[in-house]
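So this one's coords-v8.txt, compact mmCIF, C-alpha atoms and all ligand atoms:
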```
# COMPACT_ATOMS: atom_id res chain seq x y z
CA MET A 1 -2.71 1.11 1.07
CA LYS A 2 -6.27 2.36 0.86
CA LYS A 3 -6.67 4.86 -1.96
CA LEU A 4 -7.64 8.32 -0.77
CA ILE A 5 -10.27 10.65 -2.22
CA ALA A 6 -9.57 14.37 -1.92
CA PRO A 7 -12.38 16.66 -3.13
CA SER A 8 -11.10 20.03 -4.34
CA ILE A 9 -12.86 22.75 -2.37
CA LEU A 10 -12.44 25.15 -5.30
CA SER A 11 -15.61 23.73 -6.82
CA ALA A 12 -17.64 24.10 -3.59
CA ASP A 13 -20.31 26.73 -3.02
CA PHE A 14 -18.28 29.49 -1.33
CA THR A 15 -21.38 31.18 0.09
CA ARG A 16 -21.75 28.09 2.32
CA LEU A 17 -18.17 26.96 2.73
CA GLY A 18 -18.52 25.72 6.32
CA GLU A 19 -21.51 23.54 5.43
CA GLU A 20 -19.78 22.26 2.30
CA VAL A 21 -16.74 21.17 4.29
CA ARG A 22 -18.91 19.38 6.84
CA ALA A 23 -20.96 17.72 4.11
CA ILE A 24 -17.88 16.43 2.34
CA LYS A 25 -16.51 15.07 5.62
CA GLU A 26 -19.78 13.31 6.37
CA ALA A 27 -19.79 11.95 2.83
CA GLY A 28 -16.64 10.00 3.67
CA ALA A 29 -13.90 11.91 1.84
CA ASP A 30 -10.35 11.51 3.18
CA TRP A 31 -8.72 14.90 2.61
CA ILE A 32 -9.75 18.31 1.37
CA HIS A 33 -7.71 19.54 -1.57
CA VAL A 34 -7.10 23.29 -1.39
CA ASP A 35 -6.06 24.97 -4.65
CA VAL A 36 -4.13 28.19 -4.09
CA MET A 37 -3.67 30.26 -7.27
CA ASP A 38 -2.00 33.64 -7.59
CA GLY A 39 -2.77 35.05 -11.05
CA HIS A 40 0.94 34.75 -11.99
CA PHE A 41 1.90 31.09 -12.27
CA VAL A 42 -1.64 30.40 -13.45
CA PRO A 43 -4.16 32.80 -15.01
CA ASN A 44 -6.59 32.56 -12.09
CA ILE A 45 -6.82 33.74 -8.47
CA SER A 46 -8.51 31.45 -5.98
CA ILE A 47 -8.07 30.66 -2.31
CA GLY A 48 -5.74 32.53 0.05
CA LEU A 49 -4.62 32.56 3.67
CA PRO A 50 -7.89 33.81 5.27
CA ILE A 51 -9.86 30.97 3.69
CA VAL A 52 -7.37 28.38 4.92
CA GLU A 53 -7.68 29.91 8.40
CA ALA A 54 -11.47 29.71 8.15
CA LEU A 55 -11.33 26.10 6.93
CA ARG A 56 -9.26 25.16 9.95
CA LYS A 57 -12.01 26.49 12.22
CA ALA A 58 -14.68 24.69 10.22
CA ASP A 59 -13.86 21.21 11.57
CA THR A 60 -12.27 20.32 8.26
CA LEU A 61 -10.71 17.11 7.01
CA PRO A 62 -6.90 17.17 6.74
CA MET A 63 -5.96 19.86 4.23
CA ASP A 64 -3.94 18.94 1.17
CA ILE A 65 -2.75 22.37 0.05
CA HIS A 66 -1.72 22.69 -3.60
CA LEU A 67 0.27 25.87 -4.20
CA GLN A 68 -0.03 27.06 -7.78
CA ILE A 69 1.87 30.25 -7.10
CA GLU A 70 5.04 31.84 -8.37
CA ASN A 71 6.78 32.20 -5.01
CA PRO A 72 6.03 29.14 -2.87
CA ASP A 73 9.03 29.83 -0.61
CA GLU A 74 7.49 33.04 0.54
CA PHE A 75 4.12 31.48 1.31
CA ALA A 76 4.46 27.79 2.18
CA GLU A 77 5.06 28.42 5.88
CA ARG A 78 2.37 31.08 6.06
CA PHE A 79 -0.13 28.51 4.79
CA ILE A 80 1.12 26.02 7.38
CA ASP A 81 0.59 28.67 10.07
CA ALA A 82 -2.86 29.53 8.74
CA GLY A 83 -4.03 25.93 8.60
CA GLY A 84 -2.31 24.78 11.81
CA ASP A 85 -3.00 21.21 12.88
CA ALA A 86 -5.45 20.77 10.02
CA VAL A 87 -2.68 20.87 7.39
CA HIS A 88 -1.75 17.43 6.13
CA GLY A 89 0.71 18.69 3.58
CA ILE A 90 1.87 21.32 1.13
CA THR A 91 2.49 20.57 -2.53
CA VAL A 92 4.50 22.96 -4.69
CA GLN A 93 4.69 23.09 -8.46
CA TYR A 94 8.08 21.92 -9.72
CA GLU A 95 8.02 24.66 -12.37
CA THR A 96 8.00 27.40 -9.70
CA CYS A 97 10.94 26.14 -7.65
CA GLY A 98 14.51 27.18 -8.33
CA LEU A 99 15.77 25.78 -5.03
CA LEU A 100 13.56 22.74 -4.67
CA TYR A 101 15.67 20.89 -2.12
CA SER A 102 15.44 23.86 0.27
CA THR A 103 11.74 24.34 -0.39
CA ILE A 104 10.99 20.69 0.38
CA SER A 105 13.24 20.66 3.45
CA ARG A 106 11.59 23.75 4.87
CA ILE A 107 8.10 22.26 4.47
CA LYS A 108 9.17 18.96 6.06
CA SER A 109 10.86 20.74 8.95
CA ARG A 110 7.42 22.04 9.91
CA GLY A 111 6.20 18.46 10.38
CA VAL A 112 3.88 18.34 7.38
CA SER A 113 4.04 16.26 4.24
CA ALA A 114 5.87 17.79 1.25
CA GLY A 115 4.62 17.20 -2.27
CA ILE A 116 5.93 18.08 -5.73
CA ALA A 117 3.47 18.65 -8.57
CA ILE A 118 4.34 18.54 -12.26
CA SER A 119 2.26 20.11 -15.03
CA PRO A 120 1.21 17.99 -18.02
CA THR A 121 4.19 18.87 -20.24
CA THR A 122 6.82 18.65 -17.51
CA PRO A 123 8.63 15.34 -18.04
CA LEU A 124 8.91 12.72 -15.32
CA TYR A 125 12.70 12.64 -15.50
CA VAL A 126 12.97 15.96 -13.64
CA LEU A 127 11.86 14.04 -10.55
CA GLU A 128 14.76 11.62 -10.64
CA GLU A 129 16.93 13.55 -8.17
CA VAL A 130 14.11 14.71 -5.92
CA LEU A 131 12.03 11.57 -5.59
CA GLU A 132 13.80 10.55 -2.40
CA TYR A 133 12.95 13.81 -0.63
CA ALA A 134 9.28 14.02 -1.55
CA ASP A 135 6.41 12.54 0.45
CA MET A 136 4.08 12.84 -2.52
CA ILE A 137 4.26 13.42 -6.28
CA LEU A 138 1.28 15.08 -7.92
CA ILE A 139 0.67 14.44 -11.60
CA MET A 140 -1.46 17.20 -13.10
CA THR A 141 -3.89 15.77 -15.63
CA VAL A 142 -5.08 19.21 -16.77
CA GLU A 143 -3.13 22.43 -17.18
CA PRO A 144 -3.13 24.03 -13.70
CA GLY A 145 -5.47 27.01 -13.34
CA PHE A 146 -9.12 26.06 -13.48
CA PRO A 147 -11.56 23.44 -12.25
CA GLY A 148 -13.87 21.69 -14.68
CA GLN A 149 -11.33 21.09 -17.46
CA LYS A 150 -11.13 18.00 -19.60
CA PHE A 151 -8.86 15.19 -18.42
CA ILE A 152 -5.78 14.79 -20.66
CA GLN A 153 -5.88 11.12 -21.56
CA SER A 154 -2.18 10.89 -22.42
CA MET A 155 -1.39 11.45 -18.74
CA VAL A 156 -2.47 7.87 -17.93
CA PRO A 157 0.79 6.31 -19.23
CA LYS A 158 2.70 9.04 -17.37
CA VAL A 159 1.10 7.93 -14.10
CA MET A 160 1.91 4.31 -14.96
CA ARG A 161 5.55 5.17 -15.62
CA LEU A 162 5.77 7.01 -12.30
CA ARG A 163 4.23 4.01 -10.55
CA GLU A 164 6.95 1.78 -12.03
CA LEU A 165 9.66 4.25 -11.07
CA ILE A 166 8.45 4.41 -7.48
CA ASP A 167 7.95 0.67 -7.22
CA ARG A 168 11.59 0.25 -8.20
CA SER A 169 12.83 2.90 -5.79
CA GLU A 170 13.54 2.47 -2.08
CA HIS A 171 11.72 5.64 -1.20
CA LYS A 172 8.00 5.48 -1.87
CA PRO A 173 6.22 8.82 -2.13
CA LEU A 174 2.47 8.72 -2.69
CA ILE A 175 1.16 9.41 -6.17
CA GLU A 176 -1.62 11.98 -6.37
CA VAL A 177 -3.52 12.74 -9.56
CA ASP A 178 -5.43 15.98 -10.10
CA GLY A 179 -7.60 17.42 -12.87
CA GLY A 180 -10.72 16.29 -14.72
CA ILE A 181 -11.31 13.17 -12.63
CA LYS A 182 -14.88 12.00 -12.28
CA LEU A 183 -16.82 8.83 -11.67
CA ASP A 184 -16.38 7.71 -15.27
CA ASN A 185 -12.57 7.82 -15.34
CA ILE A 186 -11.53 7.29 -11.71
CA ARG A 187 -10.92 3.59 -12.29
CA VAL A 188 -8.41 4.08 -15.08
CA ILE A 189 -6.43 6.51 -12.86
CA ALA A 190 -6.52 4.17 -9.89
CA GLU A 191 -5.43 1.26 -12.08
CA ALA A 192 -2.54 3.32 -13.42
CA GLY A 193 -1.27 3.56 -9.86
CA ALA A 194 -2.67 6.67 -8.14
CA ASP A 195 -2.82 6.60 -4.35
CA VAL A 196 -4.64 9.89 -3.88
CA ILE A 197 -7.34 11.04 -6.27
CA VAL A 198 -8.45 14.67 -6.42
CA SER A 199 -11.87 15.51 -7.81
CA GLY A 200 -13.43 18.97 -7.81
CA SER A 201 -16.37 19.40 -10.16
CA GLY A 202 -16.77 15.60 -10.31
CA ILE A 203 -17.91 15.64 -6.68
CA PHE A 204 -19.17 19.16 -5.94
CA GLN A 205 -21.29 19.33 -9.08
CA SER A 206 -22.83 15.93 -8.51
CA SER A 207 -26.27 15.69 -6.97
CA GLY A 208 -25.19 13.86 -3.82
CA TYR A 209 -21.70 13.92 -2.34
CA SER A 210 -22.11 10.71 -0.30
CA GLU A 211 -23.52 8.82 -3.24
CA THR A 212 -20.78 9.99 -5.60
CA ILE A 213 -17.97 9.18 -3.19
CA GLU A 214 -19.51 5.79 -2.47
CA LEU A 215 -19.77 5.06 -6.21
CA MET A 216 -16.17 6.23 -6.69
CA ARG A 217 -15.02 3.84 -3.97
CA LYS A 218 -16.92 1.03 -5.65
CA GLU A 219 -15.18 1.84 -8.96
CA ILE A 220 -11.74 1.52 -7.35
CA LYS A 221 -12.52 -1.35 -5.02
CA GLY A 222 -9.88 -4.03 -4.93
CA LEU A 223 -7.18 -1.87 -6.58
C1 LIG B 1 -6.39 22.84 -11.22
C2 LIG B 1 -6.50 22.37 -9.80
C3 LIG B 1 -7.41 21.18 -9.61
C4 LIG B 1 -8.83 21.41 -10.01
C5 LIG B 1 -9.62 20.14 -9.90
O1 LIG B 1 -5.41 23.83 -11.29
O2 LIG B 1 -5.24 22.02 -9.29
O3 LIG B 1 -7.31 20.71 -8.29
O4 LIG B 1 -9.44 22.40 -9.25
O5 LIG B 1 -10.90 20.35 -10.38
P1 LIG B 1 -11.60 19.34 -11.39
O6 LIG B 1 -11.68 18.03 -10.69
O7 LIG B 1 -12.94 19.96 -11.63
O8 LIG B 1 -10.75 19.28 -12.62
ZN ZN B 2 -5.10 20.99 -7.33
```

How does the structure come out when it is put into structure tokens?
Ligand code: DX5
Ligand code: ZN
Amino acid sequence: MKKLIAPSILSADFTRLGEEVRAIKEAGADWIHVDVMDGHFVPNISIGLPIVEALRKADTLPMDIHLQIENPDEFAERFIDAGGDAVHGITVQYETCGLLYSTISRIKSRGVSAGIAISPTTPLYVLEEVLEYADMILIMTVEPGFPGQKFIQSMVPKVMRLRELIDRSEHKPLIEVDGGIKLDNIRVIAEAGADVIVSGSGIFQSSGYSETIELMRKEIKGL
């Protein structure tokens, strides 16, 4: 499968959000990663429902919505409503879900992809019983909360172990990797087995989006 590049809109210039979304689409990105933060699960507040509604009207790429909020059950469907047809999927943080099977089922029943994210210190084994229900597993390679953080190198073997686990399993959710990924380390992540690569500051703070995405694709060519 072709590896997907999902720029995180959190690092875009919010005074020109519509233009930024168009530019990233023209630059050849695959999805738009939307980081929703509530000031409770993570010490930051970011994008909410009105922005997702606006993005939908802005001729966006499919939205890959990453909920970093304490009560995903209360909000997952509201984000699906806000983003409408433009929502590719909703990813919830494992650490916030007491009733994960229900959370995942509810998201899937709305016809969108359901993802489970784990923070850097959450072990892979917690996924053992839920792997078969998830459409995507997101490995956080920084502590959730802020863009522009340094990639945690020890997450590379974690991604490799997840790749092995999924390759051995009948059910094959995508692997997404998020946090601190730039042109200089995208290859190592792709080699470890990522299918979807999120990059925020690595793309939005580069001088040319098309150029950066093209160079990123060159880095991961053939993988
Ligand atoms: C962190 C978010 C990431 C982040 C990515 O909580 O989930 O998506 O914004 O930004 P960079 O690529 O700058 O680390
Ligand atoms: Zn994210």

- What do you get as number ranges by chain if you pick all residues at most 6 Å from ligand LIG 1 (chain B), counting all atoms listed in the file? A: 8, 10, 35, 144-149, 178-181, 199-202

Kindly compute an axis-aligned box around the listed atoms of segment 37-41 of chain A, allowing 6 Å on each side, and express its centre and edge lengths in Å to one decimal as AutoDock Vina command-line options.
```
--center_x -0.9 --center_y 32.7 --center_z -9.8 --size_x 17.6 --size_y 16.8 --size_z 17.0
```

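A straight line drawn from atom CA of Ser11 of chain A to atom CA of Phe204 of chain A is 5.9 Å long.
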
Counting only C-alpha atoms, find the residues whose atoms lie at most 7 Å from (1.6, 16.3, 8.7) (file coordinates) and write them out as a PDB file with C-alpha atoms, in the frame of the given file.
```
ATOM      1  CA  VAL A  87      -2.680  20.870   7.390  1.00  0.00           C
ATOM      2  CA  HIS A  88      -1.750  17.430   6.130  1.00  0.00           C
ATOM      3  CA  GLY A  89       0.710  18.690   3.580  1.00  0.00           C
ATOM      4  CA  GLY A 111       6.200  18.460  10.380  1.00  0.00           C
ATOM      5  CA  VAL A 112       3.880  18.340   7.380  1.00  0.00           C
ATOM      6  CA  SER A 113       4.040  16.260   4.240  1.00  0.00           C
TER       7      SER A 113
END
```

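Picture a line from atom CA of Gly39 of chain A to atom CA of Ala54 of chain A; it runs 21.7 Å.
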
- Query: segment 97-102 of chain A: which residues within 8 Å, counting all atoms listed in the file, same-chain residues fewer than 4 positions away excluded, as an MDAnalysis selection string?
  - Reply: chainID A and resid 71:72 92:93 106 130 133

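Minimum atom-to-atom distance to Arg163 of chain A, evaluated using only C-alpha atoms, belongs to A:Leu131 out of A:Leu131, A:Leu183, A:Val21, A:Met216.
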
- Message: What's the separation between atom CA of Val42 of chain A and atom CA of Arg78 of chain A, in Å to one decimal place?
- Response: 19.9 Å

Could you give me, as CSV, every segment 24-131 of chain A residue with an atom at most 10 Å from segment 189-198 of chain A, plus its closest atom pair and distance in Å to one decimal, counting all atoms listed in the file, rows ordered by chain then number?
```
residue,atom,partner,partner_atom,distance
A:Asp30,CA,A:Val196,CA,9.2
A:Trp31,CA,A:Val198,CA,9.0
A:Ile32,CA,A:Val198,CA,8.7
A:His33,CA,A:Val198,CA,6.9
A:Asp64,CA,A:Val198,CA,9.8
```

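Shortest separation to Arg187 of chain A among A:Arg161, A:Lys25, A:Lys221, A:Arg168 occurs at residue A:Lys221, atoms counted being only C-alpha atoms.
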
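Residues in contact with Arg110 of chain A at 12 Å, where only C-alpha atoms are counted and same-chain residues fewer than 6 positions away are skipped, are listed as Ala76, Glu77, Arg78, Phe79, Ile80, Asp81, Gly84, Asp85, Val87, His88, Gly89, Ile90, Thr103 and Ile104 of chain A.
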
Just C-alpha atoms for this one: save the residues we selected as a PDB file, in the frame of the given file.
```pdb
ATOM      1  CA  ALA A  76       4.460  27.790   2.180  1.00  0.00           C
ATOM      2  CA  GLU A  77       5.060  28.420   5.880  1.00  0.00           C
ATOM      3  CA  ARG A  78       2.370  31.080   6.060  1.00  0.00           C
ATOM      4  CA  PHE A  79      -0.130  28.510   4.790  1.00  0.00           C
ATOM      5  CA  ILE A  80       1.120  26.020   7.380  1.00  0.00           C
ATOM      6  CA  ASP A  81       0.590  28.670  10.070  1.00  0.00           C
ATOM      7  CA  GLY A  84      -2.310  24.780  11.810  1.00  0.00           C
ATOM      8  CA  ASP A  85      -3.000  21.210  12.880  1.00  0.00           C
ATOM      9  CA  VAL A  87      -2.680  20.870   7.390  1.00  0.00           C
ATOM     10  CA  HIS A  88      -1.750  17.430   6.130  1.00  0.00           C
ATOM     11  CA  GLY A  89       0.710  18.690   3.580  1.00  0.00           C
ATOM     12  CA  ILE A  90       1.870  21.320   1.130  1.00  0.00           C
ATOM     13  CA  THR A 103      11.740  24.340  -0.390  1.00  0.00           C
ATOM     14  CA  ILE A 104      10.990  20.690   0.380  1.00  0.00           C
TER      15      ILE A 104
END
```

- Task: Might you pull out every residue within 10 Å of Gln153 of chain A, with all atoms listed in the file counted and same-chain residues fewer than 5 positions away left off, and present them as a PyMOL selection string?
- Result: chain A and resi 141-142+158+180+185+188-189

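If you measure from each of A:Glu170, A:Glu143, A:Asp184, A:Glu164 to ligand ZN 2 (chain B) using all atoms listed in the file, the closest one turns out to be A:Glu143.
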